[in-house]
Amino acid sequence: MHRLLLAAALLLLPSSVLLAQATKPAAAAPTAAHPQVVLHTSQGDITLELYPDKSPKSVANFLQYVRDGFYSGTVFHRAIPGYLVQGGLYTRDLQAKRTRSAIPSEADNGLSNLRGTVAVARGADPNSGTAQFFFNLVDNRRLDFVGNQSGLTWGYAVFGKVIKGMDVVDKMAALPTRGLGPFAGDVPNPLVVIDSANVVGEEPAAAPAQATPPPNEPAKKANGKKG
């Protein structure tokens, strides 16, 4: 009888192993790589990693401007040591380029304005971001989303970070600044130009001719007033 039971157990073993294998959860599919963008500037190259999982609208908007060649020939018009470096709209003549429609703010995505992150610049209206962006030179947590009561509490949407070339950003911030064109101050001297921008793995696009809209900026560091 014991031999019969043992034989029966041995016969059942392969099917139970197969059953266990069949009921194992499928391996998780690998997550899509975050897209990367290289900004080729007059001070050196800056490589960004973007977060479409956290800021899908902001990333799609930025990538479209990159693919359209919009950023070629634009400058970083605002550099404040210990705060931020901003650009993405103005030509070498400090003329604003014509942009596409503004996008909704994604500042409540859980990402913080830490050193090295890149965020959407905007005006007083949280949903007024277009082509402009800024690099955080330090941990600017006061620029994070804290509530939807007003533009001041809404914060600024982080959509990526610098993964290579933060030394270039720091070099921009260390340049002397001056008032120039429509700006009373904070314009780097010499101007830092984005010669071209491209998505890693894609060919850079030619820059279209454009021009116009109003500036979008984070609040001034010292007094909280809009730029």
# chains A, B, ... in the order shown; residues from 1 in each chain; ligands from 1

$ select_by_dssp --residues "segment 123-170 of chain A" --states "alpha helix (DSSP H)" --output "MDAnalysis selection string"
chainID A and resid 151:154 166:170

$ residues_around --residues "Ser55 of chain A" --least-positions-apart "5" --cutoff "10 Å" --atoms "only C-alpha atoms" --output "PyMOL selection string"
chain A and resi 50+60-61+105-111+157-160

$ atom_distance --atom1 "atom CA of Arg67 of chain A" --atom2 "atom CA of Asn113 of chain A"
25.3 Å

$ select_by_dssp --residues "segment 8-218 of chain A" --states "strand (DSSP E)" --output "number ranges by chain"
A: 36-41, 44-50, 74-76, 78-80, 84-87, 117-120, 133-136, 158-164, 177-180, 183-188, 192-199

$ residues_around --residues "Lys171 of chain A" --least-positions-apart "3" --cutoff "10 Å" --atoms "only C-alpha atoms" --output "JSON, numbers by chain"
{"A": [43, 44, 81, 165, 166, 167, 168, 174, 175]}

$ closest_residue --among "A:Ser150, A:Ala102, A:Phe145, A:Arg115" --to "Ala131 of chain A" --atoms "only C-alpha atoms"
A:Ala102

$ atom_distance --atom1 "atom CA of Phe70 of chain A" --atom2 "atom CA of Ala197 of chain A"
8.6 Å

$ closest_residue --among "A:Val138, A:Ala124, A:Val199, A:Leu94" --to "Leu180 of chain A" --atoms "only C-alpha atoms"
A:Leu94

$ atom_distance --atom1 "atom CA of Ala33 of chain A" --atom2 "atom CA of Tyr51 of chain A"
9.4 Å

$ residues_around --residues "Gln132 of chain A" --least-positions-apart "5" --cutoff "7 Å" --atoms "only C-alpha atoms" --output "list in words"
Gly87, Gly88, Leu89, Val120, Ala121 and Asn216 of chain A

$ write_last_selection --atoms "C-alpha atoms" --output "PDB file, in the first residue's frame"
ATOM      1  CA  GLY A  87      15.697  80.546 -21.184  1.00  0.00           C
ATOM      2  CA  GLY A  88      13.874  79.112 -24.169  1.00  0.00           C
ATOM      3  CA  LEU A  89      11.961  82.054 -25.654  1.00  0.00           C
ATOM      4  CA  VAL A 120       8.252  74.939 -16.848  1.00  0.00           C
ATOM      5  CA  ALA A 121       8.479  78.741 -16.566  1.00  0.00           C
ATOM      6  CA  ASN A 216       6.910  83.771 -18.330  1.00  0.00           C
TER       7      ASN A 216
END

$ closest_residue --among "A:Pro35, A:Gly116, A:Pro176, A:Gly129" --to "Ser58 of chain A" --atoms "only C-alpha atoms"
A:Gly129

$ residues_around --residues "Gly185 of chain A" --least-positions-apart "5" --cutoff "12 Å" --atoms "only C-alpha atoms" --output "PDB file with all heavy atoms, in the first residue's frame"
ATOM      1  N   HIS A  77      18.188  84.097 -20.911  1.00  0.00           N
ATOM      2  CA  HIS A  77      18.117  85.538 -20.669  1.00  0.00           C
ATOM      3  C   HIS A  77      18.130  85.902 -19.182  1.00  0.00           C
ATOM      4  O   HIS A  77      18.167  87.078 -18.832  1.00  0.00           O
ATOM      5  CB  HIS A  77      16.840  86.109 -21.289  1.00  0.00           C
ATOM      6  CG  HIS A  77      15.584  85.610 -20.622  1.00  0.00           C
ATOM      7  ND1 HIS A  77      15.001  84.406 -20.933  1.00  0.00           N
ATOM      8  CD2 HIS A  77      14.824  86.152 -19.623  1.00  0.00           C
ATOM      9  CE1 HIS A  77      13.925  84.222 -20.190  1.00  0.00           C
ATOM     10  NE2 HIS A  77      13.794  85.271 -19.379  1.00  0.00           N
ATOM     11  N   ARG A  78      18.121  84.908 -18.320  1.00  0.00           N
ATOM     12  CA  ARG A  78      17.992  85.186 -16.880  1.00  0.00           C
ATOM     13  C   ARG A  78      18.856  84.216 -16.079  1.00  0.00           C
ATOM     14  O   ARG A  78      18.659  82.994 -16.149  1.00  0.00           O
ATOM     15  CB  ARG A  78      16.527  85.039 -16.472  1.00  0.00           C
ATOM     16  CG  ARG A  78      16.190  85.519 -15.072  1.00  0.00           C
ATOM     17  CD  ARG A  78      14.711  85.310 -14.805  1.00  0.00           C
ATOM     18  NE  ARG A  78      14.299  85.882 -13.540  1.00  0.00           N
ATOM     19  CZ  ARG A  78      13.351  85.366 -12.760  1.00  0.00           C
ATOM     20  NH1 ARG A  78      12.726  84.265 -13.118  1.00  0.00           N
ATOM     21  NH2 ARG A  78      13.019  85.948 -11.638  1.00  0.00           N
ATOM     22  N   ALA A  79      19.820  84.756 -15.345  1.00  0.00           N
ATOM     23  CA  ALA A  79      20.684  83.920 -14.513  1.00  0.00           C
ATOM     24  C   ALA A  79      20.841  84.588 -13.145  1.00  0.00           C
ATOM     25  O   ALA A  79      21.339  85.704 -13.047  1.00  0.00           O
ATOM     26  CB  ALA A  79      22.042  83.738 -15.168  1.00  0.00           C
ATOM     27  N   ILE A  80      20.393  83.892 -12.103  1.00  0.00           N
ATOM     28  CA  ILE A  80      20.475  84.426 -10.739  1.00  0.00           C
ATOM     29  C   ILE A  80      21.208  83.392  -9.891  1.00  0.00           C
ATOM     30  O   ILE A  80      20.661  82.321  -9.584  1.00  0.00           O
ATOM     31  CB  ILE A  80      19.078  84.705 -10.159  1.00  0.00           C
ATOM     32  CG1 ILE A  80      18.286  85.643 -11.081  1.00  0.00           C
ATOM     33  CG2 ILE A  80      19.194  85.293  -8.758  1.00  0.00           C
ATOM     34  CD1 ILE A  80      16.861  85.900 -10.631  1.00  0.00           C
ATOM     35  N   PRO A 176      28.941  87.348 -15.366  1.00  0.00           N
ATOM     36  CA  PRO A 176      28.405  88.652 -14.959  1.00  0.00           C
ATOM     37  C   PRO A 176      27.077  88.902 -15.671  1.00  0.00           C
ATOM     38  O   PRO A 176      26.824  88.335 -16.728  1.00  0.00           O
ATOM     39  CB  PRO A 176      29.487  89.643 -15.419  1.00  0.00           C
ATOM     40  CG  PRO A 176      30.258  88.913 -16.468  1.00  0.00           C
ATOM     41  CD  PRO A 176      30.209  87.463 -16.110  1.00  0.00           C
ATOM     42  N   THR A 177      26.228  89.695 -15.071  1.00  0.00           N
ATOM     43  CA  THR A 177      24.924  89.990 -15.677  1.00  0.00           C
ATOM     44  C   THR A 177      24.742  91.486 -15.865  1.00  0.00           C
ATOM     45  O   THR A 177      25.474  92.295 -15.299  1.00  0.00           O
ATOM     46  CB  THR A 177      23.775  89.429 -14.814  1.00  0.00           C
ATOM     47  OG1 THR A 177      23.855  90.007 -13.512  1.00  0.00           O
ATOM     48  CG2 THR A 177      23.839  87.920 -14.715  1.00  0.00           C
ATOM     49  N   ARG A 178      23.735  91.849 -16.647  1.00  0.00           N
ATOM     50  CA  ARG A 178      23.472  93.259 -16.962  1.00  0.00           C
ATOM     51  C   ARG A 178      22.009  93.405 -17.347  1.00  0.00           C
ATOM     52  O   ARG A 178      21.300  92.420 -17.568  1.00  0.00           O
ATOM     53  CB  ARG A 178      24.341  93.690 -18.141  1.00  0.00           C
ATOM     54  CG  ARG A 178      24.125  92.784 -19.355  1.00  0.00           C
ATOM     55  CD  ARG A 178      24.999  93.101 -20.536  1.00  0.00           C
ATOM     56  NE  ARG A 178      24.962  92.022 -21.518  1.00  0.00           N
ATOM     57  CZ  ARG A 178      25.379  92.134 -22.771  1.00  0.00           C
ATOM     58  NH1 ARG A 178      25.862  93.283 -23.195  1.00  0.00           N
ATOM     59  NH2 ARG A 178      25.325  91.115 -23.595  1.00  0.00           N
ATOM     60  N   GLY A 179      21.563  94.625 -17.462  1.00  0.00           N
ATOM     61  CA  GLY A 179      20.268  94.917 -18.034  1.00  0.00           C
ATOM     62  C   GLY A 179      20.434  95.016 -19.543  1.00  0.00           C
ATOM     63  O   GLY A 179      21.400  95.604 -20.033  1.00  0.00           O
ATOM     64  N   LEU A 180      19.516  94.448 -20.281  1.00  0.00           N
ATOM     65  CA  LEU A 180      19.618  94.465 -21.742  1.00  0.00           C
ATOM     66  C   LEU A 180      18.237  94.239 -22.347  1.00  0.00           C
ATOM     67  O   LEU A 180      17.455  93.424 -21.845  1.00  0.00           O
ATOM     68  CB  LEU A 180      20.576  93.373 -22.214  1.00  0.00           C
ATOM     69  CG  LEU A 180      21.032  93.414 -23.678  1.00  0.00           C
ATOM     70  CD1 LEU A 180      21.871  94.659 -23.960  1.00  0.00           C
ATOM     71  CD2 LEU A 180      21.832  92.154 -24.024  1.00  0.00           C
ATOM     72  N   LYS A 220      10.452  86.520  -8.424  1.00  0.00           N
ATOM     73  CA  LYS A 220      11.765  86.999  -8.020  1.00  0.00           C
ATOM     74  C   LYS A 220      12.133  86.380  -6.675  1.00  0.00           C
ATOM     75  O   LYS A 220      11.282  86.220  -5.799  1.00  0.00           O
ATOM     76  CB  LYS A 220      11.766  88.530  -7.884  1.00  0.00           C
ATOM     77  CG  LYS A 220      11.685  89.255  -9.221  1.00  0.00           C
ATOM     78  CD  LYS A 220      12.984  89.159  -9.982  1.00  0.00           C
ATOM     79  CE  LYS A 220      12.932  90.015 -11.233  1.00  0.00           C
ATOM     80  NZ  LYS A 220      14.171  89.890 -12.022  1.00  0.00           N
ATOM     81  N   GLY A 227       8.518  88.620 -12.347  1.00  0.00           N
ATOM     82  CA  GLY A 227       9.544  89.265 -13.142  1.00  0.00           C
ATOM     83  C   GLY A 227       8.998  90.076 -14.273  1.00  0.00           C
ATOM     84  O   GLY A 227       7.855  90.043 -14.599  1.00  0.00           O
TER      85      GLY A 227
END
